[in-house]
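Below: the structure, in structure tokens.
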Amino acid sequence: MSILDHYAQIVGDDVIDQLQQLAQPLQGKSVVHVNSTKIGGGVAEILTKLVPLMRELGLESHWQVITGDEPFFQCTKAMHNALQGNPVPISQELLTHYEEINRDNAERLRSHLTDADFVFIHDPQPAPQLSLCPNRQGHWIWRCHIDASHPYRPVWKFLRPFIELYEASIFSLPTFAQALPHPEYIISPSIDPLSEKNCSLDNDEVQQVLQEFHIDPDRPLVVQVSRFDRFKDPVGVIRAYKMATKFHPDLQLVLAGGSATDDPEGALVLQEVKTEANHDPDIHILMLPPDAHRTINALQRGADIVLQKSTREGFGLTVTEGMWKGKPVIGGDTGGIRLQVVNYHTGFLVNTPEGAALRIRYLLNQPDKIAEFGHQARELVRENFLLTRHLREYMTLMVSLLYGGGDRLELS
Ligand code: UDP
């Protein structure tokens with residue numbers, strides 16, 4: 001079976017037919033995606049699936065990665081933080097180095113990029129590539145995956161001249177966009193329903209994982225999967241859990257996150273979490289390795305309710321993941337969580353631990369609502385936040401750039 005057949009089983013034949021129609025005017029067109037890492041992080045995860053799927057649809061799709069040394073990535077990490085609003089000045093020396101490394105990469109990449117019909121440059125790391133490819137033929141698009149709504153001005157002032165040269169840019173949410181002198185498109189992120197993190201699992205496997213972590217499958221369970229980061233409010237989750245146990249003493253909580261050994265703030269937050277948990281045997285604080293995708297999948301499936309009580313959030317893929325598993329989500333009223341969690345439909349938006357506790361109580365008292373919201377949550381993700389929708393929007397953008405100045409394009 002082809003990859004498209006697998007997706008058809010999940011999203012239906014119509015969605016795949018539509019992708020195939022959109023791909024018609026793009027047959028044989030070359031598309032190159034450029035980012036700065038092959039593994040790790042959401043961009044790499046999306047490209048891993050998007051690039052082969054584009055190929056299957058008849059586009060000549062490629063993925064190039066820029067390389068750099070430690071000071072380069074130190075600089076781009078600082079840029080990332082600065083675009084997200086942290087006032088981090090970057091030295092002139094590092095900025096010069098950033099341009100030099102981009103020049104080195106351009107020497108290597110130019111032959112792949114000059115003739116490409118479409119070039120998607122992802123995030124700030126490779127942003128100068130367009131200015132370094134003077135004989136370019138195709139359409140160049142800057143794809144920003146981060147929240148650039150309130151950037152630290154000096155860093156934005158440095159990057160903006162590189163970015164405004166693009167023909168278009170893409171942001172994940174309307175509120176993330178910066179004013180730029182070209183068309184800006186909003187394309188939200190997606191999850192891959194066939195990945196280890198999101199594929200369907202046998203109930204036996206779910207039960208086995210619950211058993212492994214000494215979680216009682218016969219008692220109610222709420223789960224939050226998140227890095228140990230203050231913006232994810234794990235301490236607030238424990239407070240909400242403690243309040244909810246007054247009405248449901250048999251409630252269990254899982255807080256699952258990655259190892260914090262290389263992240264001093266993560267270690268600090270983890271310590272705060274442990275202090276708040278105070279050795280409660282029904283609070284399971286799990287440190288999982290970065291590739292524990294199936295384990296996370298099983299924990300989300302084992303939950304009655306998924307929590308994502310963030311106080312600030314980009315999109316919140318963990319919300320999408322929980323919803324895809326048919327779970328109602330109680331999420332912080334912020335960022336991309338608001339796009340996904342609809343009150344009394346797919347879950348509840350909350351602002352405080354008290355609010356979260358109240359909603360946990362509401363749902364546990366009404367198992368039919370858990371099932372109803374969970375079903376609606378899965379359908380909302382199916383319609384809006386799967387990889388196939390993401391690809392459809394990329395291809396729509398490509399068709400419109402290709403035929404923007406021409407007559408109407410009719411899709412049958
Ligand atoms: N994740 C993971 N292991 C962890 C914590 C998170 O694999 O210990 C995954 C999680 O399943 C999701 C992603 O990392 O796919 C986090 O994305 P999200 O948008 O929720 O938050 P971010 O960490 O990007 O702020």
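Starting from 1 in every chain, residues are counted up; chains themselves are A, B, ... following the order of the structure tokens, and ligands are numbered from 1 as listed.
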
List every residue of chain A that has an atom at most 6 Å from any atom of ligand 1, giving for each one its closest atom pair and the distance in Å to one decimal, counting only C-alpha atoms and all ligand atoms, sorted by chain and then by ascending residue number, as a Markdown table.
| residue | atom | partner | partner_atom_place_in_ligand_line | distance |
| --- | --- | --- | --- | --- |
| A:Val225 | CA | ligand 1 | 5 (C) | 5.5 |
| A:Ser226 | CA | ligand 1 | 5 (C) | 4.2 |
| A:Arg227 | CA | ligand 1 | 5 (C) | 4.7 |
| A:Ala256 | CA | ligand 1 | 8 (O) | 5.9 |
| A:Gly257 | CA | ligand 1 | 8 (O) | 3.2 |
| A:Gly258 | CA | ligand 1 | 8 (O) | 3.4 |
| A:Leu288 | CA | ligand 1 | 8 (O) | 5.6 |
| A:Pro290 | CA | ligand 1 | 3 (N) | 5.5 |
| A:His293 | CA | ligand 1 | 7 (O) | 5.8 |
| A:Phe315 | CA | ligand 1 | 19 (O) | 5.4 |
| A:Gly316 | CA | ligand 1 | 19 (O) | 3.7 |
| A:Leu317 | CA | ligand 1 | 19 (O) | 3.8 |
| A:Thr318 | CA | ligand 1 | 20 (O) | 4.1 |

Exercise for review: Identify all residues of range 245-387 of chain A in strand (DSSP E) (DSSP on the backbone) and supply them as JSON, numbers by chain.
Suggested key: {"A": [252, 253, 254, 255, 256, 257, 258, 283, 284, 285, 286, 287, 288, 305, 306, 307, 308, 329, 330, 331, 332, 347, 348, 349, 350]}

Could you make a table, as a tab-separated table, of the residues of range 120-198 of chain A that have an atom within 10 Å of an atom of range 322-333 of chain A, each with its nearest atom pair and distance in Å to one decimal, counting only C-alpha atoms, in chain and number order?
residue	atom	partner	partner_atom	distance
A:Ile191	CA	A:Trp324	CA	9.0
A:Pro193	CA	A:Trp324	CA	8.1
A:Asn198	CA	A:Trp324	CA	7.5

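The nearest approach to Arg230 in chain A among the residues A:Pro126, A:Gly266, A:Gly355, A:Pro281, with only C-alpha atoms taken into account, belongs to A:Gly266.
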
**Study point:** Residues within 10 Å of Leu401 in chain A, only C-alpha atoms, excluding chain neighbours under 2 positions, as a VMD selection string
**Key:** chain A and resid 118 138 to 141 167 to 168 395 to 399 403 to 406

Study note, to complete from the structure: Computed gap from CA of Ile305 in chain A to CA of Leu221 in chain A is 6.9 Å

Based on the backbone DSSP call, show me all residues of range 77-210 of chain A assigned alpha helix (DSSP H), as a PDB file with N, CA, C and O atoms, in the first residue's frame.
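part-v4.pdb, freshly written:
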ATOM      1  N   LYS A  77      20.160  30.352  18.145  1.00  0.00           N
ATOM      2  CA  LYS A  77      19.325  30.090  19.339  1.00  0.00           C
ATOM      3  C   LYS A  77      18.940  31.429  19.976  1.00  0.00           C
ATOM      4  O   LYS A  77      17.789  31.649  20.378  1.00  0.00           O
ATOM      5  N   ALA A  78      19.920  32.328  20.045  1.00  0.00           N
ATOM      6  CA  ALA A  78      19.638  33.663  20.601  1.00  0.00           C
ATOM      7  C   ALA A  78      18.611  34.392  19.722  1.00  0.00           C
ATOM      8  O   ALA A  78      17.719  35.074  20.231  1.00  0.00           O
ATOM      9  N   MET A  79      18.726  34.207  18.393  1.00  0.00           N
ATOM     10  CA  MET A  79      17.741  34.827  17.484  1.00  0.00           C
ATOM     11  C   MET A  79      16.340  34.281  17.748  1.00  0.00           C
ATOM     12  O   MET A  79      15.357  35.019  17.787  1.00  0.00           O
ATOM     13  N   HIS A  80      16.287  32.964  17.915  1.00  0.00           N
ATOM     14  CA  HIS A  80      15.008  32.307  18.200  1.00  0.00           C
ATOM     15  C   HIS A  80      14.380  32.927  19.459  1.00  0.00           C
ATOM     16  O   HIS A  80      13.213  33.336  19.453  1.00  0.00           O
ATOM     17  N   ASN A  81      15.185  33.007  20.524  1.00  0.00           N
ATOM     18  CA  ASN A  81      14.664  33.570  21.775  1.00  0.00           C
ATOM     19  C   ASN A  81      14.270  35.033  21.604  1.00  0.00           C
ATOM     20  O   ASN A  81      13.265  35.488  22.141  1.00  0.00           O
ATOM     21  N   ALA A  82      15.087  35.763  20.835  1.00  0.00           N
ATOM     22  CA  ALA A  82      14.807  37.194  20.640  1.00  0.00           C
ATOM     23  C   ALA A  82      13.523  37.380  19.830  1.00  0.00           C
ATOM     24  O   ALA A  82      12.710  38.256  20.139  1.00  0.00           O
ATOM     25  N   LEU A  83      13.325  36.535  18.804  1.00  0.00           N
ATOM     26  CA  LEU A  83      12.085  36.657  18.014  1.00  0.00           C
ATOM     27  C   LEU A  83      10.870  36.367  18.883  1.00  0.00           C
ATOM     28  O   LEU A  83       9.794  36.916  18.672  1.00  0.00           O
ATOM     29  N   GLN A  92      27.980  41.891  17.542  1.00  0.00           N
ATOM     30  CA  GLN A  92      28.223  42.096  16.118  1.00  0.00           C
ATOM     31  C   GLN A  92      29.076  40.959  15.569  1.00  0.00           C
ATOM     32  O   GLN A  92      28.878  40.496  14.445  1.00  0.00           O
ATOM     33  N   GLU A  93      29.997  40.464  16.408  1.00  0.00           N
ATOM     34  CA  GLU A  93      30.888  39.387  15.978  1.00  0.00           C
ATOM     35  C   GLU A  93      30.071  38.129  15.611  1.00  0.00           C
ATOM     36  O   GLU A  93      30.291  37.506  14.575  1.00  0.00           O
ATOM     37  N   LEU A  94      29.094  37.806  16.473  1.00  0.00           N
ATOM     38  CA  LEU A  94      28.265  36.620  16.195  1.00  0.00           C
ATOM     39  C   LEU A  94      27.401  36.832  14.959  1.00  0.00           C
ATOM     40  O   LEU A  94      27.219  35.914  14.151  1.00  0.00           O
ATOM     41  N   LEU A  95      26.882  38.049  14.795  1.00  0.00           N
ATOM     42  CA  LEU A  95      26.030  38.316  13.634  1.00  0.00           C
ATOM     43  C   LEU A  95      26.840  38.200  12.340  1.00  0.00           C
ATOM     44  O   LEU A  95      26.363  37.665  11.336  1.00  0.00           O
ATOM     45  N   THR A  96      28.094  38.681  12.388  1.00  0.00           N
ATOM     46  CA  THR A  96      28.966  38.570  11.216  1.00  0.00           C
ATOM     47  C   THR A  96      29.235  37.099  10.912  1.00  0.00           C
ATOM     48  O   THR A  96      29.224  36.666   9.754  1.00  0.00           O
ATOM     49  N   HIS A  97      29.439  36.325  11.982  1.00  0.00           N
ATOM     50  CA  HIS A  97      29.682  34.897  11.825  1.00  0.00           C
ATOM     51  C   HIS A  97      28.461  34.211  11.197  1.00  0.00           C
ATOM     52  O   HIS A  97      28.586  33.349  10.321  1.00  0.00           O
ATOM     53  N   TYR A  98      27.273  34.619  11.641  1.00  0.00           N
ATOM     54  CA  TYR A  98      26.011  34.069  11.091  1.00  0.00           C
ATOM     55  C   TYR A  98      25.967  34.287   9.573  1.00  0.00           C
ATOM     56  O   TYR A  98      25.646  33.385   8.806  1.00  0.00           O
ATOM     57  N   GLU A  99      26.360  35.481   9.141  1.00  0.00           N
ATOM     58  CA  GLU A  99      26.333  35.761   7.697  1.00  0.00           C
ATOM     59  C   GLU A  99      27.402  34.950   6.964  1.00  0.00           C
ATOM     60  O   GLU A  99      27.164  34.443   5.867  1.00  0.00           O
ATOM     61  N   GLU A 100      28.570  34.807   7.601  1.00  0.00           N
ATOM     62  CA  GLU A 100      29.653  34.031   6.969  1.00  0.00           C
ATOM     63  C   GLU A 100      29.243  32.572   6.768  1.00  0.00           C
ATOM     64  O   GLU A 100      29.426  31.992   5.702  1.00  0.00           O
ATOM     65  N   ILE A 101      28.656  31.993   7.836  1.00  0.00           N
ATOM     66  CA  ILE A 101      28.243  30.579   7.743  1.00  0.00           C
ATOM     67  C   ILE A 101      27.171  30.431   6.669  1.00  0.00           C
ATOM     68  O   ILE A 101      27.155  29.458   5.908  1.00  0.00           O
ATOM     69  N   ASN A 102      26.271  31.398   6.593  1.00  0.00           N
ATOM     70  CA  ASN A 102      25.256  31.332   5.543  1.00  0.00           C
ATOM     71  C   ASN A 102      25.898  31.426   4.160  1.00  0.00           C
ATOM     72  O   ASN A 102      25.466  30.744   3.232  1.00  0.00           O
ATOM     73  N   ARG A 103      26.945  32.249   4.048  1.00  0.00           N
ATOM     74  CA  ARG A 103      27.655  32.343   2.753  1.00  0.00           C
ATOM     75  C   ARG A 103      28.283  30.999   2.398  1.00  0.00           C
ATOM     76  O   ARG A 103      28.181  30.536   1.263  1.00  0.00           O
ATOM     77  N   ASP A 104      28.928  30.342   3.386  1.00  0.00           N
ATOM     78  CA  ASP A 104      29.531  29.023   3.131  1.00  0.00           C
ATOM     79  C   ASP A 104      28.465  28.043   2.651  1.00  0.00           C
ATOM     80  O   ASP A 104      28.674  27.276   1.710  1.00  0.00           O
ATOM     81  N   ASN A 105      27.308  28.057   3.330  1.00  0.00           N
ATOM     82  CA  ASN A 105      26.243  27.133   2.936  1.00  0.00           C
ATOM     83  C   ASN A 105      25.725  27.452   1.541  1.00  0.00           C
ATOM     84  O   ASN A 105      25.382  26.546   0.776  1.00  0.00           O
ATOM     85  N   ALA A 106      25.673  28.732   1.225  1.00  0.00           N
ATOM     86  CA  ALA A 106      25.145  29.133  -0.092  1.00  0.00           C
ATOM     87  C   ALA A 106      26.020  28.581  -1.210  1.00  0.00           C
ATOM     88  O   ALA A 106      25.511  28.164  -2.259  1.00  0.00           O
ATOM     89  N   GLU A 107      27.334  28.527  -0.971  1.00  0.00           N
ATOM     90  CA  GLU A 107      28.246  27.969  -1.995  1.00  0.00           C
ATOM     91  C   GLU A 107      27.838  26.535  -2.330  1.00  0.00           C
ATOM     92  O   GLU A 107      27.850  26.114  -3.471  1.00  0.00           O
ATOM     93  N   ARG A 108      27.494  25.795  -1.265  1.00  0.00           N
ATOM     94  CA  ARG A 108      27.148  24.379  -1.418  1.00  0.00           C
ATOM     95  C   ARG A 108      25.732  24.205  -1.968  1.00  0.00           C
ATOM     96  O   ARG A 108      25.470  23.316  -2.772  1.00  0.00           O
ATOM     97  N   LEU A 109      24.821  25.086  -1.527  1.00  0.00           N
ATOM     98  CA  LEU A 109      23.405  24.866  -1.851  1.00  0.00           C
ATOM     99  C   LEU A 109      22.964  25.510  -3.161  1.00  0.00           C
ATOM    100  O   LEU A 109      21.939  25.137  -3.721  1.00  0.00           O
ATOM    101  N   ARG A 110      23.764  26.481  -3.629  1.00  0.00           N
ATOM    102  CA  ARG A 110      23.314  27.299  -4.767  1.00  0.00           C
ATOM    103  C   ARG A 110      22.847  26.452  -5.957  1.00  0.00           C
ATOM    104  O   ARG A 110      21.814  26.719  -6.556  1.00  0.00           O
ATOM    105  N   SER A 111      23.606  25.383  -6.236  1.00  0.00           N
ATOM    106  CA  SER A 111      23.249  24.576  -7.408  1.00  0.00           C
ATOM    107  C   SER A 111      21.884  23.900  -7.210  1.00  0.00           C
ATOM    108  O   SER A 111      21.186  23.604  -8.173  1.00  0.00           O
ATOM    109  N   HIS A 112      21.478  23.646  -5.937  1.00  0.00           N
ATOM    110  CA  HIS A 112      20.175  23.017  -5.689  1.00  0.00           C
ATOM    111  C   HIS A 112      19.055  24.060  -5.693  1.00  0.00           C
ATOM    112  O   HIS A 112      17.904  23.736  -5.948  1.00  0.00           O
ATOM    113  N   LEU A 113      19.422  25.306  -5.367  1.00  0.00           N
ATOM    114  CA  LEU A 113      18.367  26.297  -5.135  1.00  0.00           C
ATOM    115  C   LEU A 113      18.085  27.195  -6.337  1.00  0.00           C
ATOM    116  O   LEU A 113      16.953  27.642  -6.533  1.00  0.00           O
ATOM    117  N   ARG A 153      13.486  44.127  19.316  1.00  0.00           N
ATOM    118  CA  ARG A 153      13.637  44.973  18.132  1.00  0.00           C
ATOM    119  C   ARG A 153      15.018  44.950  17.461  1.00  0.00           C
ATOM    120  O   ARG A 153      15.105  44.838  16.242  1.00  0.00           O
ATOM    121  N   PRO A 154      16.133  45.061  18.212  1.00  0.00           N
ATOM    122  CA  PRO A 154      17.433  45.094  17.519  1.00  0.00           C
ATOM    123  C   PRO A 154      17.680  43.835  16.678  1.00  0.00           C
ATOM    124  O   PRO A 154      18.257  43.912  15.588  1.00  0.00           O
ATOM    125  N   VAL A 155      17.233  42.678  17.154  1.00  0.00           N
ATOM    126  CA  VAL A 155      17.464  41.432  16.411  1.00  0.00           C
ATOM    127  C   VAL A 155      16.540  41.379  15.187  1.00  0.00           C
ATOM    128  O   VAL A 155      16.948  40.998  14.090  1.00  0.00           O
ATOM    129  N   TRP A 156      15.305  41.815  15.367  1.00  0.00           N
ATOM    130  CA  TRP A 156      14.374  41.844  14.235  1.00  0.00           C
ATOM    131  C   TRP A 156      14.877  42.815  13.158  1.00  0.00           C
ATOM    132  O   TRP A 156      14.781  42.548  11.962  1.00  0.00           O
ATOM    133  N   LYS A 157      15.453  43.941  13.613  1.00  0.00           N
ATOM    134  CA  LYS A 157      15.965  44.945  12.673  1.00  0.00           C
ATOM    135  C   LYS A 157      17.099  44.344  11.824  1.00  0.00           C
ATOM    136  O   LYS A 157      17.240  44.651  10.641  1.00  0.00           O
ATOM    137  N   PHE A 158      17.876  43.461  12.439  1.00  0.00           N
ATOM    138  CA  PHE A 158      18.958  42.802  11.700  1.00  0.00           C
ATOM    139  C   PHE A 158      18.390  41.787  10.692  1.00  0.00           C
ATOM    140  O   PHE A 158      18.845  41.715   9.543  1.00  0.00           O
ATOM    141  N   LEU A 159      17.384  41.015  11.114  1.00  0.00           N
ATOM    142  CA  LEU A 159      16.867  39.928  10.260  1.00  0.00           C
ATOM    143  C   LEU A 159      15.925  40.414   9.171  1.00  0.00           C
ATOM    144  O   LEU A 159      15.860  39.840   8.087  1.00  0.00           O
ATOM    145  N   ARG A 160      15.182  41.462   9.482  1.00  0.00           N
ATOM    146  CA  ARG A 160      14.119  41.912   8.572  1.00  0.00           C
ATOM    147  C   ARG A 160      14.580  42.155   7.128  1.00  0.00           C
ATOM    148  O   ARG A 160      13.910  41.709   6.184  1.00  0.00           O
ATOM    149  N   PRO A 161      15.733  42.796   6.908  1.00  0.00           N
ATOM    150  CA  PRO A 161      16.152  43.022   5.519  1.00  0.00           C
ATOM    151  C   PRO A 161      16.342  41.719   4.726  1.00  0.00           C
ATOM    152  O   PRO A 161      16.132  41.703   3.516  1.00  0.00           O
ATOM    153  N   PHE A 162      16.705  40.639   5.409  1.00  0.00           N
ATOM    154  CA  PHE A 162      16.822  39.349   4.712  1.00  0.00           C
ATOM    155  C   PHE A 162      15.425  38.816   4.369  1.00  0.00           C
ATOM    156  O   PHE A 162      15.203  38.226   3.316  1.00  0.00           O
ATOM    157  N   ILE A 163      14.498  39.011   5.296  1.00  0.00           N
ATOM    158  CA  ILE A 163      13.188  38.362   5.184  1.00  0.00           C
ATOM    159  C   ILE A 163      12.263  39.101   4.223  1.00  0.00           C
ATOM    160  O   ILE A 163      11.505  38.488   3.470  1.00  0.00           O
ATOM    161  N   ASN A 203      -5.013  -2.167  22.769  1.00  0.00           N
ATOM    162  CA  ASN A 203      -5.272  -1.887  24.174  1.00  0.00           C
ATOM    163  C   ASN A 203      -4.238  -2.578  25.072  1.00  0.00           C
ATOM    164  O   ASN A 203      -3.830  -2.043  26.101  1.00  0.00           O
ATOM    165  N   ASP A 204      -3.764  -3.759  24.644  1.00  0.00           N
ATOM    166  CA  ASP A 204      -2.764  -4.491  25.453  1.00  0.00           C
ATOM    167  C   ASP A 204      -1.517  -3.648  25.674  1.00  0.00           C
ATOM    168  O   ASP A 204      -0.944  -3.634  26.759  1.00  0.00           O
ATOM    169  N   GLU A 205      -1.100  -2.966  24.604  1.00  0.00           N
ATOM    170  CA  GLU A 205       0.119  -2.158  24.720  1.00  0.00           C
ATOM    171  C   GLU A 205      -0.110  -0.989  25.691  1.00  0.00           C
ATOM    172  O   GLU A 205       0.756  -0.657  26.501  1.00  0.00           O
ATOM    173  N   VAL A 206      -1.301  -0.396  25.624  1.00  0.00           N
ATOM    174  CA  VAL A 206      -1.627   0.711  26.536  1.00  0.00           C
ATOM    175  C   VAL A 206      -1.591   0.201  27.975  1.00  0.00           C
ATOM    176  O   VAL A 206      -0.961   0.798  28.867  1.00  0.00           O
ATOM    177  N   GLN A 207      -2.225  -0.947  28.194  1.00  0.00           N
ATOM    178  CA  GLN A 207      -2.286  -1.513  29.559  1.00  0.00           C
ATOM    179  C   GLN A 207      -0.894  -1.838  30.084  1.00  0.00           C
ATOM    180  O   GLN A 207      -0.585  -1.622  31.258  1.00  0.00           O
ATOM    181  N   GLN A 208      -0.059  -2.325  29.175  1.00  0.00           N
ATOM    182  CA  GLN A 208       1.304  -2.693  29.565  1.00  0.00           C
ATOM    183  C   GLN A 208       2.093  -1.466  30.042  1.00  0.00           C
ATOM    184  O   GLN A 208       2.808  -1.530  31.032  1.00  0.00           O
ATOM    185  N   VAL A 209       1.919  -0.365  29.321  1.00  0.00           N
ATOM    186  CA  VAL A 209       2.627   0.868  29.700  1.00  0.00           C
ATOM    187  C   VAL A 209       2.095   1.383  31.041  1.00  0.00           C
ATOM    188  O   VAL A 209       2.873   1.775  31.927  1.00  0.00           O
ATOM    189  N   LEU A 210       0.774   1.333  31.241  1.00  0.00           N
ATOM    190  CA  LEU A 210       0.210   1.787  32.521  1.00  0.00           C
ATOM    191  C   LEU A 210       0.778   0.937  33.667  1.00  0.00           C
ATOM    192  O   LEU A 210       1.176   1.458  34.712  1.00  0.00           O
TER     193      LEU A 210
END

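You can rank A:Phe231, A:Leu194, A:His214, A:Glu313 by their closest distance to Phe176 in chain A using only C-alpha atoms, and at the top of that list sits A:Glu313.
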
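Residues within 9 Å of Val273 in chain A, counting only C-alpha atoms and excluding same-chain residues fewer than 6 positions away, are Phe228, Pro234, Val235, Ile238 and Ile285 of chain A.
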
Review point. Quick one, how far is CA of Arg361 in chain A from CA of Val306 in chain A?
Key: 13.3 Å

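With distances restricted to only C-alpha atoms, A:Arg389 is the closest residue to Leu22 in chain A from A:Arg389, A:Arg359, A:His375, A:Arg219.
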
Exercise for review: Fewer than 6 positions away in the same chain doesn't count, so skip those; otherwise give me all residues within 12 Å of His6 in chain A, counting only C-alpha atoms, as a ChimeraX atom specification.
Suggested key: /A:12-13,16,53,192-195,199,388

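Each of A:Leu26, A:Tyr344, A:Tyr185, A:Leu386 was compared to Leu402 in chain A using only C-alpha atoms, and A:Leu26 turns out to be the nearest.
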
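You will find CA of Asp123 in chain A at 25.6 Å from CA of Leu19 in chain A.
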
Practice item. Between A:Thr334, A:Gln84, A:Thr175, A:Ser169, single out the one closest to Ala148 in chain A, counting only C-alpha atoms. Key: A:Gln84

Point to revise | Nearby residues (only C-alpha atoms) at most 10 Å from Ala179 in chain A, same-chain spacing under 4 positions excluded, as a PyMOL selection string | key: chain A and resi 149+164+183-184

How about saving the chosen residues, N, CA, C and O atoms kept, as a PDB file, in the first residue's frame?
ATOM      1  N   SER A 149       5.567  37.652  17.096  1.00  0.00           N
ATOM      2  CA  SER A 149       4.654  38.798  17.229  1.00  0.00           C
ATOM      3  C   SER A 149       5.270  39.959  17.997  1.00  0.00           C
ATOM      4  O   SER A 149       4.962  41.111  17.738  1.00  0.00           O
ATOM      5  N   GLU A 164      12.381  40.438   4.205  1.00  0.00           N
ATOM      6  CA  GLU A 164      11.419  41.165   3.358  1.00  0.00           C
ATOM      7  C   GLU A 164      11.657  40.937   1.859  1.00  0.00           C
ATOM      8  O   GLU A 164      10.805  41.242   1.048  1.00  0.00           O
ATOM      9  N   PRO A 183       2.885  39.281   0.763  1.00  0.00           N
ATOM     10  CA  PRO A 183       1.759  38.529   1.312  1.00  0.00           C
ATOM     11  C   PRO A 183       2.201  37.587   2.428  1.00  0.00           C
ATOM     12  O   PRO A 183       3.255  36.945   2.323  1.00  0.00           O
ATOM     13  N   GLU A 184       1.376  37.557   3.479  1.00  0.00           N
ATOM     14  CA  GLU A 184       1.677  36.659   4.598  1.00  0.00           C
ATOM     15  C   GLU A 184       0.545  35.650   4.695  1.00  0.00           C
ATOM     16  O   GLU A 184      -0.626  36.011   4.613  1.00  0.00           O
TER      17      GLU A 184
END
